[in-house]
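Chemist: Sending over structure_35.cif (mmCIF, C-alpha atoms).
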data_target
loop_
_atom_site.label_atom_id
_atom_site.label_comp_id
_atom_site.auth_asym_id
_atom_site.auth_seq_id
_atom_site.Cartn_x
_atom_site.Cartn_y
_atom_site.Cartn_z
CA MET A 1 114.20 118.60 138.64
CA PRO A 2 115.67 115.12 138.11
CA VAL A 3 114.42 112.28 140.27
CA PRO A 4 117.12 111.31 142.82
CA ASP A 5 119.10 108.25 141.83
CA ILE A 6 118.20 106.50 145.10
CA VAL A 7 114.52 106.69 144.06
CA VAL A 8 115.26 105.43 140.54
CA GLY A 9 117.17 102.57 142.14
CA ARG A 10 114.09 101.41 144.06
CA LEU A 11 111.82 101.24 141.00
CA PRO A 12 113.37 97.98 139.71
CA LEU A 13 112.70 96.44 143.14
CA TYR A 14 109.05 97.50 142.91
CA LEU A 15 108.81 96.13 139.38
CA ARG A 16 110.35 92.81 140.38
CA ALA A 17 107.94 92.40 143.31
CA LEU A 18 104.93 93.34 141.16
CA SER A 19 105.92 90.76 138.53
CA GLN A 20 106.06 88.13 141.25
CA MET A 21 102.62 89.13 142.46
CA LEU A 22 101.32 88.75 138.90
CA GLU A 23 102.83 85.27 138.72
CA GLU A 24 101.04 84.47 141.97
CA GLY A 25 97.76 85.43 140.30
CA LYS A 26 97.21 88.68 142.20
CA THR A 27 95.61 91.63 140.37
CA ILE A 28 95.49 94.42 142.98
CA THR A 29 98.05 95.45 145.57
CA SER A 30 98.71 98.29 147.99
CA SER A 31 101.74 100.25 149.07
CA GLN A 32 101.39 98.40 152.41
CA GLU A 33 101.57 94.96 150.83
CA LEU A 34 104.41 95.97 148.51
CA GLY A 35 106.24 97.52 151.45
CA GLU A 36 105.98 94.38 153.54
CA ARG A 37 107.50 92.29 150.74
CA LEU A 38 110.34 94.71 150.26
CA GLY A 39 111.07 95.89 153.78
CA ILE A 40 110.36 99.46 152.64
CA SER A 41 107.76 101.70 154.31
CA SER A 42 104.49 102.20 152.46
CA ALA A 43 104.94 105.97 152.80
CA GLN A 44 108.28 105.72 151.00
CA ILE A 45 106.74 103.71 148.18
CA ARG A 46 103.87 106.17 147.73
CA LYS A 47 106.31 109.08 147.77
CA ASP A 48 108.62 107.41 145.22
CA LEU A 49 105.77 106.61 142.84
CA SER A 50 104.25 110.09 143.17
CA GLN A 51 107.39 111.49 141.56
CA PHE A 52 106.29 109.86 138.31
CA GLY A 53 102.52 110.28 138.36
CA GLU A 54 99.28 109.04 139.86
CA PHE A 55 99.09 105.26 139.67
CA GLY A 56 96.29 104.30 142.05
CA LYS A 57 93.30 105.67 143.88
CA GLN A 58 93.24 106.17 147.63
CA GLY A 59 91.51 103.16 149.13
CA THR A 60 91.35 100.97 146.02
CA GLY A 61 95.03 100.13 145.73
CA TYR A 62 97.10 99.66 142.60
CA SER A 63 96.21 97.60 139.56
CA ILE A 64 99.29 95.40 139.35
CA THR A 65 99.12 95.12 135.57
CA TYR A 66 98.82 98.87 135.11
CA LEU A 67 101.55 99.75 137.60
CA THR A 68 103.82 97.13 136.03
CA GLU A 69 103.28 98.62 132.57
CA GLN A 70 103.95 102.12 133.84
CA LEU A 71 107.15 101.13 135.63
CA ARG A 72 108.34 99.30 132.53
CA LEU A 73 107.76 102.49 130.52
CA ILE A 74 109.55 104.65 133.10
CA LEU A 75 112.54 102.30 133.28
CA LYS A 76 112.46 101.91 129.48
CA VAL A 77 112.18 98.14 129.66
CA ASP A 78 108.95 98.10 127.67
CA ARG A 79 111.45 97.25 124.91
CA LEU A 80 114.14 94.56 124.73
CA TRP A 81 117.75 95.75 125.09
CA ASP A 82 120.49 93.74 123.45
CA VAL A 83 123.42 93.24 125.81
CA ALA A 84 127.04 92.41 125.01
CA LEU A 85 128.81 90.26 127.58
CA VAL A 86 132.57 90.71 127.63
CA GLY A 87 134.61 88.14 129.56
CA VAL A 88 133.32 84.58 129.68
CA GLY A 89 135.10 83.13 132.70
CA ASP A 90 133.27 81.50 135.62
CA LEU A 91 131.44 84.69 136.41
CA GLY A 92 130.57 85.61 132.83
CA ARG A 93 129.26 82.11 132.28
CA ALA A 94 127.11 82.28 135.43
CA VAL A 95 125.76 85.67 134.34
CA ALA A 96 124.99 84.29 130.87
CA ASN A 97 123.00 81.47 132.45
CA TYR A 98 121.22 83.73 134.93
CA ALA A 99 117.56 82.81 135.13
CA GLY A 100 116.50 86.34 136.01
CA PHE A 101 116.80 87.94 132.55
CA GLN A 102 113.55 86.50 131.14
CA HIS A 103 110.88 89.10 130.34
CA ARG A 104 112.66 91.89 132.14
CA GLY A 105 113.91 93.96 129.22
CA PHE A 106 117.32 92.47 128.40
CA ARG A 107 118.77 89.67 126.35
CA ILE A 108 122.37 88.78 125.79
CA ALA A 109 123.07 89.32 122.10
CA ALA A 110 126.82 88.66 121.89
CA MET A 111 129.66 87.27 123.99
CA TYR A 112 133.32 88.17 123.73
CA ASP A 113 136.54 86.87 125.19
CA ASN A 114 140.19 87.21 124.25
CA ASP A 115 141.20 83.68 125.26
CA PRO A 116 141.90 81.58 122.12
CA ALA A 117 140.77 78.50 124.08
CA LYS A 118 137.32 80.06 124.51
CA ILE A 119 136.79 81.81 121.18
CA GLY A 120 134.44 79.78 118.97
CA LYS A 121 133.08 77.76 121.92
CA GLN A 122 129.36 77.54 122.48
CA VAL A 123 127.71 78.87 125.67
CA GLY A 124 124.00 78.19 125.55
CA PRO A 125 122.83 79.65 122.23
CA PHE A 126 125.97 81.78 121.79
CA VAL A 127 129.32 81.36 120.18
CA ILE A 128 132.03 83.23 122.04
CA GLU A 129 133.57 85.76 119.68
CA ASP A 130 137.06 87.22 119.63
CA SER A 131 137.05 90.48 121.56
CA ALA A 132 139.46 91.86 118.96
CA GLY A 133 136.38 92.39 116.78
CA LEU A 134 134.31 93.93 119.55
CA VAL A 135 134.25 97.57 118.44
CA VAL A 136 133.17 96.85 114.87
CA GLN A 137 130.64 94.16 115.77
CA VAL A 138 128.97 95.91 118.71
CA ARG A 139 128.57 99.02 116.60
CA ARG A 140 127.18 97.06 113.64
CA LYS A 141 124.70 95.22 115.87
CA GLY A 142 123.58 98.48 117.44
CA ILE A 143 124.17 97.19 120.98
CA HIS A 144 124.14 99.92 123.66
CA VAL A 145 124.36 97.96 126.89
CA ALA A 146 127.30 95.84 128.08
CA MET A 147 128.19 93.62 131.00
CA LEU A 148 131.87 93.58 131.82
CA ALA A 149 133.18 90.42 133.48
CA VAL A 150 136.88 90.64 132.67
CA PRO A 151 139.73 90.68 135.23
CA ALA A 152 140.28 94.02 136.98
CA ALA A 153 143.55 94.59 135.13
CA ALA A 154 141.80 94.52 131.74
CA ALA A 155 138.69 96.45 132.73
CA GLN A 156 139.71 99.97 131.66
CA GLU A 157 141.10 98.95 128.30
CA VAL A 158 137.95 96.98 127.46
CA THR A 159 135.79 99.84 128.76
CA ASP A 160 137.49 102.26 126.39
CA ARG A 161 136.66 99.99 123.48
CA LEU A 162 133.05 99.55 124.62
CA VAL A 163 132.67 103.32 124.74
CA GLU A 164 134.22 103.59 121.28
CA ALA A 165 131.70 100.98 120.09
CA GLY A 166 128.79 103.17 121.18
CA ILE A 167 127.89 101.48 124.47
CA HIS A 168 125.85 103.78 126.76
CA ALA A 169 125.53 101.65 129.89
CA ILE A 170 128.06 99.29 131.48
CA LEU A 171 127.38 96.85 134.28
CA CYS A 172 130.85 96.25 135.70
CA TYR A 173 131.57 92.96 137.47
CA ALA A 174 135.32 93.57 137.54
CA PRO A 175 136.38 94.53 141.09
CA THR A 176 137.70 97.93 140.01
CA SER A 177 136.46 101.38 139.07
CA ILE A 178 136.30 102.30 135.40
CA ALA A 179 136.46 105.79 133.92
CA VAL A 180 133.91 106.70 131.25
CA PRO A 181 132.66 109.90 129.59
CA ASP A 182 129.73 111.62 131.35
CA ARG A 183 127.23 110.32 128.80
CA VAL A 184 127.96 106.69 129.70
CA LYS A 185 126.30 105.14 132.79
CA VAL A 186 128.13 102.65 134.99
CA GLN A 187 126.85 100.38 137.73
CA TYR A 188 129.07 98.07 139.76
CA ILE A 189 128.35 94.58 140.96
CA ASP A 190 130.97 93.55 143.46
CA PRO A 191 129.77 91.43 146.37
CA VAL A 192 132.26 93.12 148.69
CA LEU A 193 130.80 96.58 147.99
CA HIS A 194 127.39 95.27 149.02
CA LEU A 195 128.70 93.34 152.02
CA GLN A 196 130.57 96.38 153.34
CA ARG A 197 127.41 98.43 153.04
CA MET A 198 125.80 96.01 155.46
CA THR A 199 128.65 95.50 157.92
CA TYR A 200 128.62 99.26 158.48
CA HIS A 201 125.38 98.65 160.38
CA LEU A 202 126.54 95.58 162.33
CA THR A 203 128.06 95.59 165.78
CA MET B 1 121.17 111.60 163.01
CA PRO B 2 122.04 108.51 160.97
CA VAL B 3 124.15 108.91 157.84
CA PRO B 4 121.96 108.41 154.74
CA ASP B 5 122.28 104.96 153.20
CA ILE B 6 123.25 106.46 149.84
CA VAL B 7 126.34 107.96 151.53
CA VAL B 8 127.20 104.70 153.28
CA GLY B 9 126.91 103.01 149.90
CA ARG B 10 129.61 105.21 148.40
CA LEU B 11 132.19 104.51 151.12
CA PRO B 12 133.03 101.02 149.77
CA LEU B 13 133.69 102.60 146.36
CA TYR B 14 136.07 105.08 147.98
CA LEU B 15 137.77 102.29 149.88
CA ARG B 16 138.17 100.17 146.75
CA ALA B 17 139.69 103.05 144.79
CA LEU B 18 142.06 103.93 147.66
CA SER B 19 143.25 100.32 147.88
CA GLN B 20 144.03 100.41 144.18
CA MET B 21 145.98 103.61 144.60
CA LEU B 22 148.00 101.97 147.37
CA GLU B 23 148.75 99.05 145.05
CA GLU B 24 149.94 101.55 142.46
CA GLY B 25 152.39 102.91 145.02
CA LYS B 26 150.64 106.21 145.67
CA THR B 27 150.67 107.64 149.20
CA ILE B 28 148.66 110.89 148.94
CA THR B 29 145.48 111.64 147.05
CA SER B 30 142.85 114.36 146.79
CA SER B 31 139.07 114.46 146.50
CA GLN B 32 139.67 115.63 142.91
CA GLU B 33 141.77 112.60 141.99
CA LEU B 34 139.43 110.19 143.76
CA GLY B 35 136.47 111.84 142.06
CA GLU B 36 137.98 111.48 138.60
CA ARG B 37 138.51 107.77 139.15
CA LEU B 38 134.98 107.26 140.37
CA GLY B 39 132.99 109.69 138.27
CA ILE B 40 131.83 111.40 141.46
CA SER B 41 132.32 115.12 142.11
CA SER B 42 135.08 116.09 144.52
CA ALA B 43 132.55 118.19 146.47
CA GLN B 44 130.39 115.11 146.98
CA ILE B 45 133.35 113.10 148.23
CA ARG B 46 134.39 115.81 150.69
CA LYS B 47 130.81 116.13 151.92
CA ASP B 48 130.43 112.36 152.34
CA LEU B 49 133.68 112.03 154.27
CA SER B 50 132.90 115.05 156.46
CA GLN B 51 129.95 113.13 157.90
CA PHE B 52 132.43 110.83 159.61
CA GLY B 53 135.22 113.18 160.63
CA GLU B 54 138.19 115.18 159.45
CA PHE B 55 140.49 113.02 157.32
CA GLY B 56 142.73 115.47 155.51
CA LYS B 57 143.98 119.04 155.62
CA GLN B 58 142.93 121.63 153.07
CA GLY B 59 145.66 121.82 150.45
CA THR B 60 147.69 118.78 151.50
CA GLY B 61 145.24 116.06 150.43
CA TYR B 62 144.53 112.73 152.10
CA SER B 63 147.05 110.21 153.34
CA ILE B 64 145.85 107.13 151.49
CA THR B 65 146.96 104.77 154.26
CA TYR B 66 145.23 106.79 156.94
CA LEU B 67 141.99 107.28 155.00
CA THR B 68 141.96 103.58 154.11
CA GLU B 69 142.32 102.63 157.78
CA GLN B 70 139.56 105.02 158.79
CA LEU B 71 137.15 103.77 156.14
CA ARG B 72 137.88 100.19 157.16
CA LEU B 73 137.01 101.10 160.74
CA ILE B 74 133.82 102.91 159.70
CA LEU B 75 132.68 100.02 157.49
CA LYS B 76 133.78 97.52 160.18
CA VAL B 77 136.05 95.64 157.82
CA ASP B 78 139.10 96.23 159.99
CA ARG B 79 138.17 92.67 161.05
CA LEU B 80 137.53 89.52 158.97
CA TRP B 81 133.91 88.42 158.65
CA ASP B 82 133.14 84.77 158.09
CA VAL B 83 130.55 84.30 155.36
CA ALA B 84 128.28 81.34 154.68
CA LEU B 85 127.49 80.70 151.02
CA VAL B 86 124.20 78.89 150.45
CA GLY B 87 123.57 77.48 146.98
CA VAL B 88 126.55 76.25 145.00
CA GLY B 89 125.26 76.29 141.43
CA ASP B 90 127.01 78.14 138.59
CA LEU B 91 126.55 81.47 140.32
CA GLY B 92 127.51 80.27 143.80
CA ARG B 93 130.63 78.69 142.36
CA ALA B 94 131.57 81.90 140.54
CA VAL B 95 131.02 83.90 143.72
CA ALA B 96 133.14 81.43 145.69
CA ASN B 97 135.98 81.90 143.19
CA TYR B 98 135.61 85.67 143.05
CA ALA B 99 139.02 87.30 143.14
CA GLY B 100 137.72 90.43 144.85
CA PHE B 101 137.36 89.06 148.40
CA GLN B 102 141.05 89.17 149.29
CA HIS B 103 141.95 91.63 152.05
CA ARG B 104 138.59 93.35 152.01
CA GLY B 105 137.06 92.06 155.21
CA PHE B 106 135.34 88.82 154.21
CA ARG B 107 136.15 85.17 153.77
CA ILE B 108 133.88 82.34 152.87
CA ALA B 109 133.81 80.01 155.86
CA ALA B 110 131.21 77.43 154.83
CA MET B 111 129.23 76.34 151.76
CA TYR B 112 125.85 74.68 151.71
CA ASP B 113 123.66 73.03 149.13
CA ASN B 114 120.72 70.62 149.29
CA ASP B 115 121.65 68.68 146.14
CA PRO B 116 122.93 65.20 147.10
CA ALA B 117 125.12 65.27 143.98
CA LYS B 118 126.95 68.31 145.33
CA ILE B 119 127.13 67.58 149.06
CA GLY B 120 130.60 66.38 149.98
CA LYS B 121 132.18 67.78 146.81
CA GLN B 122 135.18 70.06 147.03
CA VAL B 123 135.08 73.67 145.77
CA GLY B 124 138.47 75.27 146.23
CA PRO B 125 139.32 74.72 149.90
CA PHE B 126 135.72 73.93 150.87
CA VAL B 127 133.59 70.85 151.13
CA ILE B 128 129.97 71.55 150.27
CA GLU B 129 127.86 70.70 153.28
CA ASP B 130 124.25 69.56 153.47
CA SER B 131 122.04 72.59 153.99
CA ALA B 132 119.90 70.46 156.29
CA GLY B 133 122.55 71.14 158.94
CA LEU B 134 122.77 74.84 158.22
CA VAL B 135 121.04 76.27 161.29
CA VAL B 136 123.07 74.29 163.80
CA GLN B 137 126.40 74.71 162.02
CA VAL B 138 126.13 78.41 161.20
CA ARG B 139 125.19 79.12 164.79
CA ARG B 140 128.02 76.97 166.15
CA LYS B 141 130.56 78.64 163.87
CA GLY B 142 129.31 82.09 164.90
CA ILE B 143 128.81 83.18 161.29
CA HIS B 144 126.75 86.37 160.93
CA VAL B 145 126.95 87.11 157.20
CA ALA B 146 125.51 85.01 154.38
CA MET B 147 125.40 85.03 150.59
CA LEU B 148 122.28 83.46 149.16
CA ALA B 149 122.63 81.96 145.68
CA VAL B 150 119.71 79.53 145.65
CA PRO B 151 116.83 79.56 143.10
CA ALA B 152 114.15 82.21 143.66
CA ALA B 153 111.61 79.59 144.73
CA ALA B 154 113.80 78.45 147.64
CA ALA B 155 115.01 81.88 148.74
CA GLN B 156 112.48 82.67 151.47
CA GLU B 157 112.65 79.26 153.11
CA VAL B 158 116.46 79.38 153.26
CA THR B 159 116.33 82.99 154.45
CA ASP B 160 114.12 81.98 157.38
CA ARG B 161 116.68 79.38 158.39
CA LEU B 162 119.57 81.82 158.03
CA VAL B 163 117.76 84.25 160.32
CA GLU B 164 117.12 81.43 162.79
CA ALA B 165 120.84 80.62 162.65
CA GLY B 166 121.75 84.14 163.78
CA ILE B 167 122.69 85.68 160.42
CA HIS B 168 122.56 89.51 160.53
CA ALA B 169 123.33 90.39 156.91
CA ILE B 170 122.26 88.61 153.72
CA LEU B 171 123.55 89.31 150.24
CA CYS B 172 120.78 87.91 148.05
CA TYR B 173 121.66 86.73 144.54
CA ALA B 174 118.28 85.06 144.03
CA PRO B 175 116.13 87.16 141.68
CA THR B 176 113.42 87.71 144.30
CA SER B 177 112.72 89.78 147.39
CA ILE B 178 113.13 88.15 150.78
CA ALA B 179 111.38 89.13 154.00
CA VAL B 180 113.51 89.43 157.15
CA PRO B 181 113.10 90.93 160.63
CA ASP B 182 114.12 94.60 160.96
CA ARG B 183 117.40 93.70 162.66
CA VAL B 184 118.64 91.79 159.59
CA LYS B 185 120.16 93.69 156.66
CA VAL B 186 119.60 92.61 153.07
CA GLN B 187 121.28 93.70 149.86
CA TYR B 188 120.33 92.40 146.43
CA ILE B 189 122.60 91.54 143.55
CA ASP B 190 120.52 91.03 140.43
CA PRO B 191 122.02 92.25 137.17
CA VAL B 192 118.59 93.25 135.89
CA LEU B 193 118.00 95.60 138.85
CA HIS B 194 121.25 97.36 138.00
CA LEU B 195 120.62 97.37 134.24
CA GLN B 196 117.15 98.88 134.68
CA ARG B 197 118.61 101.60 136.86
CA MET B 198 120.75 102.60 133.87
CA THR B 199 118.19 102.22 131.06
CA TYR B 200 116.03 104.72 132.96
CA HIS B 201 118.55 107.32 131.82
CA LEU B 202 118.90 106.11 128.21
CA THR B 203 116.92 107.38 125.25
#
Could you rewrite the structure in this file as structure tokens?

Modeler:
Amino acid sequence: MPVPDIVVGRLPLYLRALSQMLEEGKTITSSQELGERLGISSAQIRKDLSQFGEFGKQGTGYSITYLTEQLRLILKVDRLWDVALVGVGDLGRAVANYAGFQHRGFRIAAMYDNDPAKIGKQVGPFVIEDSAGLVVQVRRKGIHVAMLAVPAAAAQEVTDRLVEAGIHAILCYAPTSIAVPDRVKVQYIDPVLHLQRMTYHLT
Amino acid sequence: MPVPDIVVGRLPLYLRALSQMLEEGKTITSSQELGERLGISSAQIRKDLSQFGEFGKQGTGYSITYLTEQLRLILKVDRLWDVALVGVGDLGRAVANYAGFQHRGFRIAAMYDNDPAKIGKQVGPFVIEDSAGLVVQVRRKGIHVAMLAVPAAAAQEVTDRLVEAGIHAILCYAPTSIAVPDRVKVQYIDPVLHLQRMTYHLT
């Protein structure tokens, strides 16, 4: 029986909090402490983790290092995934400079844009490449993960080419839905989607 | 019985897709058509919507205008929420310029930063204000929603002030967890959280 997606979605939050605890010099934590940091009940955390195994002993808490390693294995970020960033406008540039990628399983490996004024320009360690060559290059580099930061109107066409290039997971920043084959995963980052999810609860 | 958060989280996706259909000139849709756009089964969509009422007749489909209005009511974006943006670095600037806010229930109403080099500068129609005045100004303006785009190290301190200022919902772009009272909602936007949720499924 597959683990519900809502549970999978909480694991990265646990991992992020555990990494912070490590940075703070902690070695042991509990579902209570983790829950307080995350605003999630300790019972929920124990239940989520129990879906994947036995990670701590009753009364002694979790070894942060061990639980971190296990979560990295489960989420498959014990390796480093190369990521293609398509669309290097304001948003793409901010994503490229995001401080949160370090040591979390991902590195940007190529950047593409179709704007002749941008192609060939340097962004950090990268040269922006012509998205006309995207399919061939992404396939040759063996990249399987992409971040899509193009305008909504271009999103589907670029998505089709990413799928053709062998991309298996797309993080879509364009404020639109994209259609992909079943084998390809999509997640959306659109501040309005997240804001609306909160205003539902407001009065 | 409250509607599960996972269901609430899909409503903004439905609303976004319906708005696009309206822009395309469509007037009627079906759970099948909506599902194909979103990669969600039509049964799931019907089940989700049924938690909130009866929005279409079997066989005739949904009136897009009507369903859009109803979803806007349910998500409380039939009104316009003022949003305070705190932290106007690369990411804050990109968020401020995001094209997806139009007609979706939110408008940035104030921007804050603590960097003297930024305070007083213009970003689009806004002047960046000193975050030292945040509590008083946010309260006076009656703003209840905030986007937090400050560095991780500053996130909790700014969060505490946002809560003090009467903020009820925080969209956190800082790559860290923030602690808030139960009455305050938090959503996180961190590309790595979303990427890890997908790599879980990859082989």

Chemist: Please expand the PyMOL selection byres ((chain B and resi 60) around 12) into the concrete residues it hits in this file, giving the result as a list in words.

Modeler: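 Against this file, the PyMOL selection byres ((chain B and resi 60) around 12) returns the residues Thr27, Ile28, Thr29, Ser30, Ser31, Phe55, Gly56, Lys57, Gln58, Gly59, Gly61, Tyr62, Ser63 and Ile64 of chain B.
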
Chemist: Please report, as lines of an AutoDock Vina configuration file, the centre and edge lengths in Å to one decimal of an axis-aligned box covering all listed atoms of segment 21-33 of chain B with 6 Å per side.

Modeler:
center_x = 145.7
center_y = 107.3
center_z = 145.6
size_x = 25.3
size_y = 28.6
size_z = 19.2

Chemist: Show me which bits of chain B are within 6 Å of chain A, counting only C-alpha atoms, as an MDAnalysis selection string.

Modeler: chainID B and resid 9 12 37 75:76 90:91 94 100 175 179 193 196:197 199:200

Chemist: Given the file shown, determine the residues that the PyMOL selection byres ((chain B and resi 112) around 6) selects; report them as a PyMOL selection string.

Modeler: chain B and resi 86-87+111+113+128-131

Chemist: Please evaluate the PyMOL selection byres ((chain A and resi 158-161) around 9) against the displayed coordinates and give the resulting residues as a ChimeraX atom specification.

Modeler: /A:86,131,134-135,148,150,154-157,162-167,170,178-180

Chemist: What is the atom CA of His103 of chain A to atom CA of Phe52 of chain A distance in Å?

Modeler: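 Taking atom CA of His103 of chain A as the start and atom CA of Phe52 of chain A as the end point, the length is 22.7 Å.
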
Chemist: Would you work out the distance separating atom CA of Ile108 of chain B from atom CA of Ala132 of chain B, expressed in Å to one decimal?

Modeler: 18.7 Å

Chemist: I need segment 124-135 of chain B written out with N, CA and C atoms, as a short mmCIF file (atom, residue, chain, number, x, y, z; two decimals), in the first residue's frame; please produce it.

Modeler:
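decode-v1.cif was written with the following content:
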data_model
loop_
_atom_site.label_atom_id
_atom_site.label_comp_id
_atom_site.auth_asym_id
_atom_site.auth_seq_id
_atom_site.Cartn_x
_atom_site.Cartn_y
_atom_site.Cartn_z
N GLY B 124 8.40 48.81 -8.14
CA GLY B 124 7.09 48.97 -8.75
C GLY B 124 6.40 50.16 -8.11
N PRO B 125 5.16 50.00 -7.65
CA PRO B 125 4.45 51.13 -7.07
C PRO B 125 4.77 51.34 -5.59
N PHE B 126 5.68 50.56 -5.02
CA PHE B 126 5.90 50.60 -3.58
C PHE B 126 7.20 51.26 -3.19
N VAL B 127 7.18 51.88 -2.02
CA VAL B 127 8.41 52.35 -1.40
C VAL B 127 8.71 51.36 -0.27
N ILE B 128 9.93 50.85 -0.26
CA ILE B 128 10.32 49.91 0.79
C ILE B 128 10.42 50.66 2.11
N GLU B 129 9.70 50.15 3.10
CA GLU B 129 9.69 50.82 4.40
C GLU B 129 10.60 50.11 5.40
N ASP B 130 10.99 50.84 6.41
CA ASP B 130 11.88 50.30 7.45
C ASP B 130 11.10 49.28 8.28
N SER B 131 11.64 48.07 8.38
CA SER B 131 10.90 47.04 9.11
C SER B 131 10.84 47.33 10.61
N ALA B 132 11.59 48.32 11.06
CA ALA B 132 11.47 48.73 12.46
C ALA B 132 10.05 49.22 12.77
N GLY B 133 9.37 49.75 11.75
CA GLY B 133 8.02 50.27 11.96
C GLY B 133 6.92 49.28 11.64
N LEU B 134 7.32 48.06 11.40
CA LEU B 134 6.39 47.04 10.90
C LEU B 134 5.17 46.81 11.80
N VAL B 135 5.40 46.61 13.07
CA VAL B 135 4.29 46.25 13.97
C VAL B 135 3.21 47.33 13.95
#
